[in-house]
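Undergrad: Compact mmCIF, C-alpha atoms, saved as upload.txt, coming up:
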# COMPACT_ATOMS: atom_id res chain seq x y z
CA MET A 22 29.16 9.49 -57.20
CA PRO A 23 29.38 10.36 -53.48
CA ASP A 24 32.11 8.35 -51.73
CA GLU A 25 29.55 6.88 -49.34
CA LEU A 26 27.81 5.25 -52.32
CA ASN A 27 30.82 3.65 -54.01
CA TYR A 28 29.49 0.19 -53.11
CA LEU A 29 26.84 0.68 -55.82
CA THR A 30 29.38 0.10 -58.61
CA GLU A 31 28.94 -3.59 -57.80
CA TYR A 32 25.24 -3.41 -58.67
CA TYR A 33 24.89 -0.73 -61.33
CA LYS A 34 26.57 -1.24 -64.67
CA LYS A 35 26.44 0.92 -67.77
CA ASP A 36 23.63 -0.43 -69.87
CA PHE A 37 22.36 1.04 -73.10
CA GLY A 38 19.51 -1.42 -73.61
CA GLN A 39 15.85 -0.41 -73.67
CA ASN A 40 15.14 -1.81 -70.21
CA LYS A 41 18.17 -0.19 -68.58
CA ILE A 42 17.96 1.01 -65.01
CA PHE A 43 20.19 3.43 -63.12
CA TYR A 44 23.96 3.54 -63.54
CA ASP A 45 25.33 6.97 -62.61
CA TYR A 46 24.78 10.13 -60.56
CA PHE A 47 24.50 13.64 -61.97
CA HIS A 48 24.44 17.09 -60.39
CA PHE A 49 21.48 18.96 -61.84
CA GLY A 50 21.41 22.74 -61.90
CA GLN A 51 24.22 25.19 -61.39
CA THR A 52 27.56 24.09 -59.99
CA PHE A 53 28.67 25.51 -56.66
CA THR A 54 31.20 27.65 -58.51
CA GLU A 55 28.40 29.11 -60.63
CA ILE A 56 26.20 29.61 -57.55
CA GLU A 57 29.02 31.44 -55.82
CA ALA A 58 29.46 33.72 -58.84
CA VAL A 59 25.75 34.59 -58.76
CA LEU A 60 25.83 35.27 -55.02
CA LYS A 61 28.82 37.58 -55.37
CA LYS A 62 26.92 39.88 -57.73
CA GLU A 63 24.75 41.33 -55.00
CA LYS A 64 24.74 41.09 -51.22
CA PHE A 65 21.52 40.69 -49.27
CA ASP A 66 20.71 40.91 -45.57
CA ILE A 67 18.72 37.69 -45.36
CA TYR A 68 18.99 34.45 -47.34
CA GLY A 69 16.51 31.55 -47.37
CA ILE A 70 17.58 28.01 -48.29
CA SER A 71 15.35 24.99 -48.82
CA SER A 72 16.49 21.61 -47.52
CA ASN A 73 13.75 19.26 -48.62
CA PHE A 74 15.60 15.95 -48.86
CA THR A 75 17.82 14.47 -46.18
CA ALA A 76 20.01 12.74 -48.78
CA TYR A 77 20.93 16.16 -50.20
CA TYR A 78 21.57 17.99 -46.94
CA GLU A 79 25.18 18.65 -47.95
CA GLN A 80 24.07 20.81 -50.88
CA SER A 81 22.04 23.08 -48.62
CA PHE A 82 24.90 23.21 -46.12
CA LYS A 83 27.42 24.06 -48.87
CA ILE A 84 25.30 26.97 -50.09
CA ALA A 85 25.06 28.35 -46.56
CA GLU A 86 28.83 28.05 -46.25
CA ILE A 87 29.36 29.92 -49.53
CA ILE A 88 27.04 32.73 -48.44
CA LYS A 89 28.85 33.19 -45.13
CA LYS A 90 32.21 33.25 -46.93
CA ILE A 91 30.98 36.04 -49.18
CA ASN A 92 29.00 37.92 -46.56
CA LYS A 93 29.86 37.03 -42.96
CA HIS A 94 27.03 39.22 -41.63
CA ALA A 95 24.35 37.47 -43.69
CA PHE A 96 21.35 36.10 -41.79
CA ILE A 97 20.62 32.60 -43.09
CA ILE A 98 17.32 30.74 -42.66
CA ILE A 99 16.89 27.08 -43.62
CA GLY A 100 13.51 25.37 -43.97
CA GLY A 101 11.95 22.46 -45.80
CA ASN A 102 11.06 18.83 -45.15
CA ASN A 103 14.54 17.98 -43.85
CA SER A 104 14.63 20.76 -41.28
CA ARG A 105 13.16 18.77 -38.37
CA ILE A 106 15.62 15.96 -38.99
CA MET A 107 18.84 17.96 -39.24
CA TYR A 108 18.18 21.25 -37.45
CA GLU A 109 20.93 20.58 -34.89
CA TYR A 110 23.50 19.90 -37.59
CA PHE A 111 22.66 23.12 -39.41
CA LEU A 112 22.65 25.31 -36.31
CA LYS A 113 25.85 23.86 -34.86
CA SER A 114 27.67 24.51 -38.14
CA GLY A 115 27.76 28.23 -37.44
CA PHE A 116 26.53 29.01 -40.95
CA VAL A 117 22.78 28.92 -40.20
CA ASP A 118 20.94 31.34 -37.92
CA VAL A 119 17.39 29.98 -37.91
CA VAL A 120 15.74 26.71 -38.89
CA VAL A 121 12.03 26.81 -39.77
CA PHE A 122 9.81 23.79 -39.05
CA GLY A 123 6.67 22.90 -40.99
CA GLU A 124 5.07 25.31 -43.43
CA GLY A 125 7.31 28.33 -43.89
CA GLU A 126 5.09 30.77 -45.78
CA PHE A 127 4.00 32.76 -42.74
CA THR A 128 6.75 31.74 -40.31
CA LEU A 129 9.34 33.28 -42.63
CA LEU A 130 7.58 36.64 -42.44
CA LYS A 131 7.47 36.42 -38.65
CA VAL A 132 11.19 35.71 -38.51
CA ILE A 133 11.99 38.73 -40.68
CA GLU A 134 9.74 40.95 -38.57
CA ASN A 135 11.36 39.77 -35.33
CA LEU A 136 15.04 39.27 -36.07
CA ASN A 137 15.93 40.76 -32.69
CA ASN A 138 13.25 38.90 -30.79
CA LEU A 139 13.20 35.36 -32.18
CA SER A 140 11.89 33.90 -28.93
CA ILE A 141 8.34 34.98 -29.84
CA VAL A 142 8.34 33.29 -33.28
CA GLU A 143 6.67 29.88 -33.31
CA ASN A 144 7.87 26.82 -35.25
CA ILE A 145 11.58 27.69 -35.37
CA ALA A 146 14.89 26.67 -33.80
CA PHE A 147 17.83 29.03 -33.30
CA THR A 148 20.99 29.37 -31.26
CA LYS A 149 21.03 31.64 -28.23
CA ASN A 150 24.01 31.85 -25.85
CA ASN A 151 25.54 28.82 -27.59
CA LYS A 152 22.44 26.77 -26.82
CA ILE A 153 19.87 25.58 -29.34
CA THR A 154 16.37 26.81 -28.55
CA ILE A 155 13.24 25.26 -30.07
CA ASN A 156 10.17 27.45 -29.90
CA HIS A 157 6.60 26.27 -29.44
CA PHE A 158 4.98 24.44 -32.39
CA ASN A 159 1.66 25.84 -33.56
CA LYS A 160 -0.73 25.70 -36.50
CA ASN A 161 -0.08 28.87 -38.46
CA PHE A 162 -0.81 27.91 -42.06
CA ASP A 163 -4.02 28.58 -43.97
CA ILE A 164 -4.03 27.15 -47.48
CA ASN A 165 -6.72 29.63 -48.48
CA LYS A 166 -4.35 32.53 -47.84
CA THR A 167 -1.78 31.27 -50.33
CA THR A 168 -1.43 32.01 -54.02
CA ILE A 169 0.92 30.88 -56.74
CA ARG A 170 2.23 33.21 -59.42
CA LEU A 171 4.88 32.28 -61.96
CA ASP A 172 6.00 35.92 -62.39
CA LYS A 173 9.44 35.36 -60.83
CA ILE A 174 10.46 32.38 -62.96
CA ASN A 175 10.80 31.56 -66.63
CA PRO A 176 7.87 29.23 -67.49
CA GLU A 177 9.91 27.82 -70.38
CA ASN A 178 11.99 26.01 -67.75
CA TYR A 179 8.96 24.23 -66.29
CA LYS A 180 7.43 22.01 -68.92
CA ILE A 181 5.71 18.66 -69.13
CA GLY A 182 6.83 17.44 -72.52
CA LYS A 183 6.52 20.46 -74.76
CA PHE A 184 3.84 22.17 -72.68
CA ARG A 185 4.35 24.99 -70.19
CA SER A 186 3.05 23.68 -66.89
CA LEU A 187 1.67 24.95 -63.60
CA SER A 188 2.09 22.68 -60.57
CA ILE A 189 -0.32 23.31 -57.71
CA ILE A 190 -1.75 21.68 -54.61
CA THR A 191 -5.44 21.62 -53.72
CA THR A 192 -4.82 20.02 -50.32
CA LYS A 193 -2.18 20.37 -47.64
CA GLY A 194 -1.33 17.68 -45.14
CA CYS A 195 -2.83 14.21 -45.18
CA PRO A 196 -5.87 12.55 -43.52
CA TYR A 197 -3.94 9.25 -43.35
CA HIS A 198 -1.04 8.22 -41.15
CA CYS A 199 1.10 5.85 -43.20
CA SER A 200 4.11 4.71 -41.19
CA TYR A 201 6.69 5.27 -43.96
CA CYS A 202 5.62 8.82 -44.88
CA THR A 203 6.52 12.29 -43.55
CA ALA A 204 3.43 14.15 -44.80
CA ASN A 205 1.97 14.65 -41.34
CA ILE A 206 5.36 15.22 -39.72
CA ASN A 207 6.14 18.16 -41.99
CA CYS A 208 2.63 19.60 -41.96
CA LEU A 209 1.91 21.26 -38.63
CA SER A 210 -1.50 22.61 -39.59
CA SER A 211 -3.38 19.33 -40.25
CA PHE A 212 -5.28 18.40 -43.41
CA GLN A 213 -6.71 21.32 -45.39
CA GLN A 214 -8.48 21.60 -48.74
CA LYS A 215 -8.31 24.85 -50.69
CA GLU A 216 -11.48 26.58 -51.82
CA ILE A 217 -12.11 25.69 -55.44
CA GLN A 218 -12.57 29.27 -56.61
CA LEU A 219 -9.25 30.27 -55.07
CA VAL A 220 -7.52 27.45 -56.92
CA PHE A 221 -9.08 28.62 -60.17
CA ASN A 222 -8.00 32.18 -59.47
CA ASP A 223 -4.41 30.90 -59.53
CA ILE A 224 -5.04 28.84 -62.66
CA ASP A 225 -6.71 31.71 -64.47
CA TYR A 226 -3.94 34.17 -63.65
CA ASN A 227 -1.12 31.90 -64.83
CA VAL A 228 -2.87 30.55 -67.92
CA LYS A 229 -3.61 34.05 -69.17
CA LYS A 230 -0.32 35.72 -68.24
CA HIS A 231 2.12 32.87 -68.91
CA GLN A 232 0.36 30.82 -71.59
CA ILE A 233 0.20 27.66 -69.48
CA ASN A 234 -0.89 24.54 -71.37
CA ALA A 235 -0.68 21.86 -68.66
CA LEU A 236 -1.90 21.66 -65.08
CA ASN A 237 -0.20 19.28 -62.64
CA ILE A 238 -1.99 18.74 -59.33
CA GLU A 239 0.57 17.36 -56.89
CA ASP A 240 -1.55 16.12 -54.02
CA GLU A 241 -2.51 12.46 -53.79
CA ASN A 242 -5.64 13.39 -51.80
CA PHE A 243 -7.29 15.54 -54.48
CA SER A 244 -10.25 13.14 -54.58
CA TYR A 245 -10.50 12.60 -50.80
CA ASN A 246 -13.75 14.61 -50.86
CA HIS A 247 -15.74 13.26 -53.81
CA ASN A 248 -18.00 16.30 -54.12
CA TYR A 249 -14.97 18.60 -54.13
CA ALA A 250 -13.27 16.56 -56.84
CA LEU A 251 -16.35 16.44 -59.05
CA ASP A 252 -17.05 20.18 -58.67
CA PHE A 253 -13.44 20.98 -59.48
CA LEU A 254 -13.34 18.76 -62.56
CA LYS A 255 -16.65 20.07 -63.92
CA LYS A 256 -15.38 23.62 -63.54
CA LYS A 257 -12.13 22.74 -65.25
CA ILE A 258 -14.02 21.11 -68.14
CA LYS A 259 -16.22 24.18 -68.53
CA PHE A 260 -13.55 26.88 -68.43
CA TYR A 261 -10.31 25.11 -69.44
CA PRO A 262 -11.26 22.12 -71.60
CA ASP A 263 -7.98 22.18 -73.56
CA LEU A 264 -5.68 22.44 -70.55
CA TYR A 265 -3.87 19.11 -70.18
CA LEU A 266 -4.32 17.61 -66.72
CA TYR A 267 -1.74 15.60 -64.76
CA PHE A 268 -1.47 14.04 -61.32
CA MET A 269 2.20 13.17 -61.50
CA ASN A 270 2.44 12.32 -57.81
CA GLY A 271 -0.41 9.84 -58.23
CA LEU A 272 -3.90 9.47 -56.80
CA HIS A 273 -5.12 7.33 -53.92
CA TYR A 274 -7.22 4.60 -55.55
CA THR A 275 -9.53 4.23 -52.53
CA ASN A 276 -10.83 7.76 -53.18
CA LEU A 277 -11.73 7.07 -56.81
CA ASN A 278 -15.02 5.84 -58.27
CA GLU A 279 -16.63 5.61 -61.71
CA ASP A 280 -17.91 9.18 -61.67
CA ILE A 281 -14.56 10.69 -60.76
CA LEU A 282 -12.73 8.57 -63.35
CA TYR A 283 -15.22 9.66 -66.01
CA TYR A 284 -14.76 13.34 -65.24
CA LEU A 285 -10.98 12.98 -64.93
CA LYS A 286 -10.93 11.67 -68.49
CA LYS A 287 -13.30 14.37 -69.71
CA ALA A 288 -11.08 16.96 -67.98
CA ASN A 289 -8.20 15.97 -70.30
CA LEU A 290 -6.33 13.56 -68.04
CA ASN A 291 -4.72 10.76 -70.05
CA ASN A 292 -2.11 9.36 -67.66
CA LEU A 293 -3.53 7.85 -64.49
CA ASN A 294 -0.90 7.25 -61.79
CA LEU A 295 -1.98 5.19 -58.79
CA ALA A 296 -0.16 4.45 -55.53
CA LEU A 297 -0.46 0.83 -54.41
CA VAL A 298 2.51 0.77 -51.95
CA ASP A 299 2.12 -2.83 -50.71
CA ILE A 300 -0.52 -5.55 -50.71
CA GLU A 301 0.67 -7.71 -47.80
CA ASN A 302 2.40 -5.63 -45.13
CA THR A 303 -0.59 -3.34 -44.66
CA LYS A 304 -0.39 -3.27 -40.86
CA LEU A 305 3.29 -2.40 -40.96
CA ILE A 306 2.80 0.55 -43.30
CA SER A 307 -0.58 1.57 -41.78
CA ARG A 308 -2.17 1.62 -45.22
CA SER A 309 -4.97 -0.75 -46.19
CA PHE A 310 -5.36 -2.53 -49.50
CA ASN A 311 -8.60 -3.76 -51.06
CA GLN A 312 -7.75 -5.98 -54.01
CA LYS A 313 -11.33 -6.09 -55.33
CA LYS A 314 -11.73 -2.30 -55.21
CA PHE A 315 -8.34 -1.79 -56.83
CA ALA A 316 -9.11 -4.19 -59.68
CA GLN A 317 -12.47 -2.46 -60.27
CA ILE A 318 -10.76 0.93 -60.57
CA ILE A 319 -8.22 -0.48 -63.05
CA LYS A 320 -10.99 -2.10 -65.10
CA LYS A 321 -13.00 1.11 -65.31
CA ALA A 322 -9.90 3.17 -66.10
CA LYS A 323 -9.06 0.82 -68.96
CA GLU A 324 -12.58 1.17 -70.35
CA LEU A 325 -11.94 4.93 -70.43
CA ASN A 326 -8.61 4.39 -72.26
CA PHE A 327 -6.36 5.79 -69.53
CA LEU A 328 -2.64 5.10 -69.68
CA ILE A 329 -2.15 3.52 -66.24
CA THR A 330 0.95 3.33 -64.05
CA VAL A 331 0.82 1.72 -60.62
CA TYR A 332 3.56 2.37 -58.06
CA PHE A 333 4.58 0.14 -55.20
CA ILE A 334 7.46 0.11 -52.71
CA ALA A 335 10.04 -2.68 -52.67
CA GLY A 336 12.50 -3.24 -49.86
CA LEU A 337 10.26 -2.47 -46.89
CA PRO A 338 11.20 -4.15 -43.60
CA GLY A 339 9.62 -7.58 -43.48
CA GLN A 340 9.32 -7.97 -47.25
CA ASN A 341 10.94 -10.86 -49.06
CA LYS A 342 11.46 -11.58 -52.74
CA LYS A 343 8.26 -13.65 -52.97
CA ASN A 344 6.17 -10.75 -51.61
CA ILE A 345 7.44 -8.45 -54.32
CA LEU A 346 7.09 -11.03 -57.09
CA ASP A 347 3.48 -11.56 -56.00
CA MET A 348 2.84 -7.81 -56.39
CA ILE A 349 4.51 -7.72 -59.77
CA ARG A 350 2.49 -10.70 -61.01
CA PHE A 351 -0.72 -9.13 -59.71
CA LEU A 352 0.01 -5.91 -61.63
CA LYS A 353 1.20 -7.80 -64.69
CA GLU A 354 -2.17 -9.58 -64.87
CA LEU A 355 -3.85 -6.16 -64.79
CA ASN A 356 -1.68 -5.12 -67.76
CA VAL A 357 -0.54 -1.81 -66.28
CA VAL A 358 2.84 -0.14 -66.26
CA ILE A 359 4.63 -1.13 -63.07
CA GLY A 360 6.46 1.55 -61.10
CA MET A 361 8.75 -0.08 -58.57
CA SER A 362 10.24 2.30 -56.02
CA ILE A 363 13.02 1.20 -53.66
CA TYR A 364 12.31 1.92 -50.01
CA TYR A 365 14.64 4.25 -48.14
CA PRO A 366 14.38 4.99 -44.41
CA ILE A 367 13.36 8.49 -43.35
CA PRO A 368 14.10 9.58 -39.76
CA LEU A 369 11.11 10.55 -37.59
CA THR A 370 8.68 8.27 -39.44
CA LYS A 371 7.01 5.53 -37.41
CA LEU A 372 8.62 2.85 -39.57
CA TYR A 373 12.07 4.33 -39.01
CA GLN A 374 11.56 4.46 -35.27
CA LYS A 375 10.42 0.85 -35.18
CA TYR A 376 13.49 -0.41 -37.06
CA GLN A 377 16.02 2.25 -36.09
CA ASN A 378 18.52 -0.32 -34.82
CA GLU A 379 18.65 -1.82 -38.31
CA PHE A 380 19.03 1.63 -39.91
CA LYS A 381 21.62 3.11 -37.54
CA SER A 382 24.56 2.19 -39.80
CA LEU A 383 23.10 4.13 -42.73
CA SER A 384 24.37 7.61 -43.53
CA PHE A 385 22.04 10.47 -44.41
CA THR A 386 23.45 10.39 -47.95
CA GLN A 387 22.13 6.84 -48.36
CA MET A 388 18.55 7.85 -47.67
CA ARG A 389 17.44 7.75 -51.32
CA SER A 390 15.98 5.02 -53.52
CA THR A 391 18.92 4.78 -55.89
CA ALA A 392 21.27 3.99 -52.98
CA LEU A 393 19.55 0.61 -52.37
CA PRO A 394 20.11 1.46 -48.70
CA TYR A 395 18.37 -1.35 -46.85
CA GLU A 396 18.88 -5.05 -47.42
CA THR A 397 18.23 -8.20 -45.43
CA SER A 398 19.09 -11.87 -45.83
CA GLU A 399 15.66 -12.37 -47.42
CA LEU A 400 15.90 -9.38 -49.77
CA THR A 401 19.37 -8.37 -50.90
CA ARG A 402 20.51 -5.50 -53.09
CA TYR A 403 21.07 -8.02 -55.89
CA ASP A 404 17.44 -9.09 -55.52
CA LEU A 405 16.23 -5.49 -55.78
CA VAL A 406 18.31 -4.81 -58.90
CA GLU A 407 17.08 -8.05 -60.48
CA LEU A 408 13.48 -7.07 -59.73
CA LEU A 409 14.03 -3.63 -61.24
CA TYR A 410 15.20 -5.24 -64.48
CA TYR A 411 12.25 -7.62 -64.37
CA THR A 412 9.68 -4.81 -64.08
CA ARG A 413 11.42 -2.84 -66.86
CA ALA A 414 11.18 -5.88 -69.13
CA ILE A 415 7.48 -6.28 -68.37
CA ASN A 416 6.83 -2.61 -69.08
CA LEU A 417 8.75 -2.82 -72.33
CA SER A 418 6.67 -5.80 -73.44
CA ILE A 419 3.47 -3.82 -72.73
CA SER A 420 4.65 -0.80 -74.71
CA LEU A 421 5.62 -2.96 -77.70
CA ALA A 422 2.43 -5.02 -77.78
CA PRO A 423 0.01 -4.21 -80.67
CA THR A 424 -2.68 -3.20 -78.17
CA GLY A 425 -0.28 -1.99 -75.49
CA ARG A 426 -1.72 1.01 -73.66
CA GLY A 427 0.73 1.16 -70.79
CA LEU A 428 3.48 3.62 -71.64
CA GLY A 429 2.51 7.24 -72.10
Is it possible to express this structure as structure tokens?

TA:
Amino acid sequence: MPDELNYLTEYYKKDFGQNKIFYDYFHFGQTFTEIEAVLKKEKFDIYGISSNFTAYYEQSFKIAEIIKKINKHAFIIIGGNNSRIMYEYFLKSGFVDVVVFGEGEFTLLKVIENLNNLSIVENIAFTKNNKITINHFNKNFDINKTTIRLDKINPENYKIGKFRSLSIITTKGCPYHCSYCTANINCLSSFQQKEIQLVFNDIDYNVKKHQINALNIEDENFSYNHNYALDFLKKKIKFYPDLYLYFMNGLHYTNLNEDILYYLKKANLNNLNLALVDIENTKLISRSFNQKKFAQIIKKAKELNFLITVYFIAGLPGQNKKNILDMIRFLKELNVVIGMSIYYPIPLTKLYQKYQNEFKSLSFTQMRSTALPYETSELTRYDLVELLYYTRAINLSISLAPTGRGLG
């Protein structure tokens, strides 16, 4: 466990029961020693590193440090969702040469083409004469010019259950402006929806070449355009009826209706994940909630025998224990699996800026759900842990019930 998170030993205990929550940290993937051994095998001119999560910035930094130790002349580029938050830290370290903001697919090519003239490359920051320079931001991403091929990876390492999976996006950016989210901060090119045929070109290629059995569509806004969603699902049913369908990042319930639910089920979707977020602090999070509409969607989904999980956020500024218990009771009455996510502040979001004085004592490492980073007198860390156990117990009771349809 990182030293900055040692306080969590007071809240997390080893628990081997069925409704256990979190009790330890693990490093997934290769160790830094193993990474260094791989990097020593062959030297490159340019290295690209993703830094997608602020809480894990040290891992990206450590890899850059290892590369420079092995090859002091290496040119290192860092991009990803965390880049706009920590670009100064990376550049001042002396290990990073360029930081890419926003979508990096085309910016990366521009950087490589103009290593000696970085001033003309948009959407980057770099150091020149010991001073950090930030170039002009511009829309330079076209989702219709992107493809996904699994040729460079081993598909056996990317499975949902026992099925080889392909994860794709059909949209980029977001038409909404929720105050807790970074979707629009990290997307410089506004909301885009990919042409259906181009999406199916990617699906067709990977299914045939890599024997893909499951398709995971990552974007919550897949059904933002109803006609698009219906056309896509009908095409999927026609050409890939046996391909399992997942939306593991969830769908926005306000964009669903009976027709879309029907075709989702027919398209081989069994697990329906929905994002509720919050039912009371809607103005604070800039995300509306229509209880009647939500209940109608759940009712129809149950009629179609979906396995339903609904996610909400606990620990938002202004919430108290009663607010969260009200949400849990509301979802319990709907007999769905309850996914409770602990809020963590993310710099640059509107919510962070509004409450930055309350967040200023937090370290970057604490900016993750499992750190229980934010507590108030009305909602303590003990409260959050207690509520986690409570939701686990409810979910367990659903899964064990004779007619329980919750856990998939």

Undergrad: Provide the atom CA of Tyr245 of chain A to atom CA of Leu277 of chain A distance in Å, to one decimal place.

TA: 8.3 Å

Undergrad: Could you please determine the separation between atom CA of Leu337 of chain A and atom CA of Tyr395 of chain A in Å, to one decimal place?

TA: 8.2 Å

Undergrad: What is the distance, in Å and to one decimal place, between atom CA of Tyr249 of chain A and atom CA of Glu216 of chain A?

TA: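 Taking atom CA of Tyr249 of chain A and atom CA of Glu216 of chain A, their separation equals 9.0 Å.
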
Undergrad: Any idea what's packed within 12 Å of Asp240 of chain A, counting only C-alpha atoms, ignoring anything in its chain fewer than 6 positions away? Could you give it as an mmCIF file with C-alpha atoms, in the coordinates of the input?

TA:
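Final output, selection-v7.cif:
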data_model
loop_
_atom_site.group_PDB
_atom_site.id
_atom_site.type_symbol
_atom_site.label_atom_id
_atom_site.label_comp_id
_atom_site.auth_asym_id
_atom_site.auth_seq_id
_atom_site.Cartn_x
_atom_site.Cartn_y
_atom_site.Cartn_z
ATOM 1 C CA SER A 188 2.090 22.680 -60.570
ATOM 2 C CA ILE A 189 -0.320 23.310 -57.710
ATOM 3 C CA ILE A 190 -1.750 21.680 -54.610
ATOM 4 C CA THR A 191 -5.440 21.620 -53.720
ATOM 5 C CA THR A 192 -4.820 20.020 -50.320
ATOM 6 C CA LYS A 193 -2.180 20.370 -47.640
ATOM 7 C CA GLY A 194 -1.330 17.680 -45.140
ATOM 8 C CA CYS A 195 -2.830 14.210 -45.180
ATOM 9 C CA PRO A 196 -5.870 12.550 -43.520
ATOM 10 C CA ALA A 204 3.430 14.150 -44.800
ATOM 11 C CA PHE A 212 -5.280 18.400 -43.410
ATOM 12 C CA GLN A 213 -6.710 21.320 -45.390
ATOM 13 C CA GLN A 214 -8.480 21.600 -48.740
ATOM 14 C CA LYS A 215 -8.310 24.850 -50.690
ATOM 15 C CA TYR A 267 -1.740 15.600 -64.760
ATOM 16 C CA PHE A 268 -1.470 14.040 -61.320
ATOM 17 C CA MET A 269 2.200 13.170 -61.500
ATOM 18 C CA ASN A 270 2.440 12.320 -57.810
ATOM 19 C CA GLY A 271 -0.410 9.840 -58.230
ATOM 20 C CA LEU A 272 -3.900 9.470 -56.800
ATOM 21 C CA HIS A 273 -5.120 7.330 -53.920
ATOM 22 C CA ASN A 294 -0.900 7.250 -61.790
ATOM 23 C CA LEU A 295 -1.980 5.190 -58.790
ATOM 24 C CA ALA A 296 -0.160 4.450 -55.530
#

Undergrad: As a list in words, please: the residues near segment 342-356 of chain A (cut-off 8 Å, all atoms listed in the file, same-chain neighbours under 2 positions excluded).

TA: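 Selected residues are Asp299, Ile300, Glu301, Ala316, Ile319, Val331, Ala335, Gln340, Val358, Ile359, Glu399, Leu400, Asp404, Leu408, Thr412, Ile415, Ile419 and Gly427 of chain A.
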
Undergrad: Using only C-alpha atoms, what table do you get, as JSON lines, when you list each residue of segment 63-146 of chain A with an atom no more than 10 Å from segment 366-381 of chain A, its nearest pair of atoms, and their distance in Å rounded to one decimal, rows by chain then rising number?

TA:
{"residue": "A:Phe74", "atom": "CA", "partner": "A:Ile367", "partner_atom": "CA", "distance": 9.5}
{"residue": "A:Thr75", "atom": "CA", "partner": "A:Ile367", "partner_atom": "CA", "distance": 8.0}
{"residue": "A:Ala76", "atom": "CA", "partner": "A:Ile367", "partner_atom": "CA", "distance": 9.6}
{"residue": "A:Asn103", "atom": "CA", "partner": "A:Pro368", "partner_atom": "CA", "distance": 9.4}
{"residue": "A:Arg105", "atom": "CA", "partner": "A:Leu369", "partner_atom": "CA", "distance": 8.5}
{"residue": "A:Ile106", "atom": "CA", "partner": "A:Pro368", "partner_atom": "CA", "distance": 6.6}
{"residue": "A:Met107", "atom": "CA", "partner": "A:Pro368", "partner_atom": "CA", "distance": 9.6}

Undergrad: For the selection just defined, write its residues with C-alpha atoms to a file, as a short mmCIF file (atom, residue, chain, number, x, y, z; two decimals), in the frame of the given file.

TA:
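Dumped to out_33.cif:
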data_model
loop_
_atom_site.label_atom_id
_atom_site.label_comp_id
_atom_site.auth_asym_id
_atom_site.auth_seq_id
_atom_site.Cartn_x
_atom_site.Cartn_y
_atom_site.Cartn_z
CA PHE A 74 15.60 15.95 -48.86
CA THR A 75 17.82 14.47 -46.18
CA ALA A 76 20.01 12.74 -48.78
CA ASN A 103 14.54 17.98 -43.85
CA ARG A 105 13.16 18.77 -38.37
CA ILE A 106 15.62 15.96 -38.99
CA MET A 107 18.84 17.96 -39.24
#

Undergrad: Just want the 10 Å neighbourhood of Tyr284 of chain A, counted on all atoms listed in the file, with same-chain residues fewer than 5 positions away dropped. Output as a PDB file with C-alpha atoms, in the frame of the given file.

TA:
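Saved result, part-v2.pdb, follows:
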ATOM      1  CA  ALA A 250     -13.270  16.560 -56.840  1.00  0.00           C
ATOM      2  CA  LEU A 251     -16.350  16.440 -59.050  1.00  0.00           C
ATOM      3  CA  ASP A 252     -17.050  20.180 -58.670  1.00  0.00           C
ATOM      4  CA  PHE A 253     -13.440  20.980 -59.480  1.00  0.00           C
ATOM      5  CA  LEU A 254     -13.340  18.760 -62.560  1.00  0.00           C
ATOM      6  CA  LYS A 255     -16.650  20.070 -63.920  1.00  0.00           C
ATOM      7  CA  LYS A 257     -12.130  22.740 -65.250  1.00  0.00           C
ATOM      8  CA  ILE A 258     -14.020  21.110 -68.140  1.00  0.00           C
ATOM      9  CA  GLU A 279     -16.630   5.610 -61.710  1.00  0.00           C
ATOM     10  CA  ASN A 289      -8.200  15.970 -70.300  1.00  0.00           C
ATOM     11  CA  LEU A 290      -6.330  13.560 -68.040  1.00  0.00           C
TER      12      LEU A 290
END

Undergrad: Env of Val142 of chain A: 9 Å cut, atoms = all atoms listed in the file, seq-sep filter 2 positions within chain, self excluded. Answer as a PDB file with C-alpha atoms, keeping the file's coordinate frame.

TA:
ATOM      1  CA  THR A 128       6.750  31.740 -40.310  1.00  0.00           C
ATOM      2  CA  LYS A 131       7.470  36.420 -38.650  1.00  0.00           C
ATOM      3  CA  VAL A 132      11.190  35.710 -38.510  1.00  0.00           C
ATOM      4  CA  ASN A 135      11.360  39.770 -35.330  1.00  0.00           C
ATOM      5  CA  ASN A 138      13.250  38.900 -30.790  1.00  0.00           C
ATOM      6  CA  LEU A 139      13.200  35.360 -32.180  1.00  0.00           C
ATOM      7  CA  SER A 140      11.890  33.900 -28.930  1.00  0.00           C
ATOM      8  CA  ASN A 144       7.870  26.820 -35.250  1.00  0.00           C
ATOM      9  CA  ILE A 145      11.580  27.690 -35.370  1.00  0.00           C
ATOM     10  CA  ASN A 156      10.170  27.450 -29.900  1.00  0.00           C
ATOM     11  CA  HIS A 157       6.600  26.270 -29.440  1.00  0.00           C
TER      12      HIS A 157
END

Undergrad: Using all atoms listed in the file, find all polymer residues with an atom at most 12 Å away from the point (22.2, -9.1, -58.0); report them as a PyMOL selection string.

TA: chain A and resi 29-34+393+396+400-411

Undergrad: For the residues selected in the previous step, produce a file with C-alpha atoms as a compact mmCIF listing (two decimals), keeping the file's coordinate frame.

TA:
# COMPACT_ATOMS: atom_id res chain seq x y z
CA LEU A 29 26.84 0.68 -55.82
CA THR A 30 29.38 0.10 -58.61
CA GLU A 31 28.94 -3.59 -57.80
CA TYR A 32 25.24 -3.41 -58.67
CA TYR A 33 24.89 -0.73 -61.33
CA LYS A 34 26.57 -1.24 -64.67
CA LEU A 393 19.55 0.61 -52.37
CA GLU A 396 18.88 -5.05 -47.42
CA LEU A 400 15.90 -9.38 -49.77
CA THR A 401 19.37 -8.37 -50.90
CA ARG A 402 20.51 -5.50 -53.09
CA TYR A 403 21.07 -8.02 -55.89
CA ASP A 404 17.44 -9.09 -55.52
CA LEU A 405 16.23 -5.49 -55.78
CA VAL A 406 18.31 -4.81 -58.90
CA GLU A 407 17.08 -8.05 -60.48
CA LEU A 408 13.48 -7.07 -59.73
CA LEU A 409 14.03 -3.63 -61.24
CA TYR A 410 15.20 -5.24 -64.48
CA TYR A 411 12.25 -7.62 -64.37
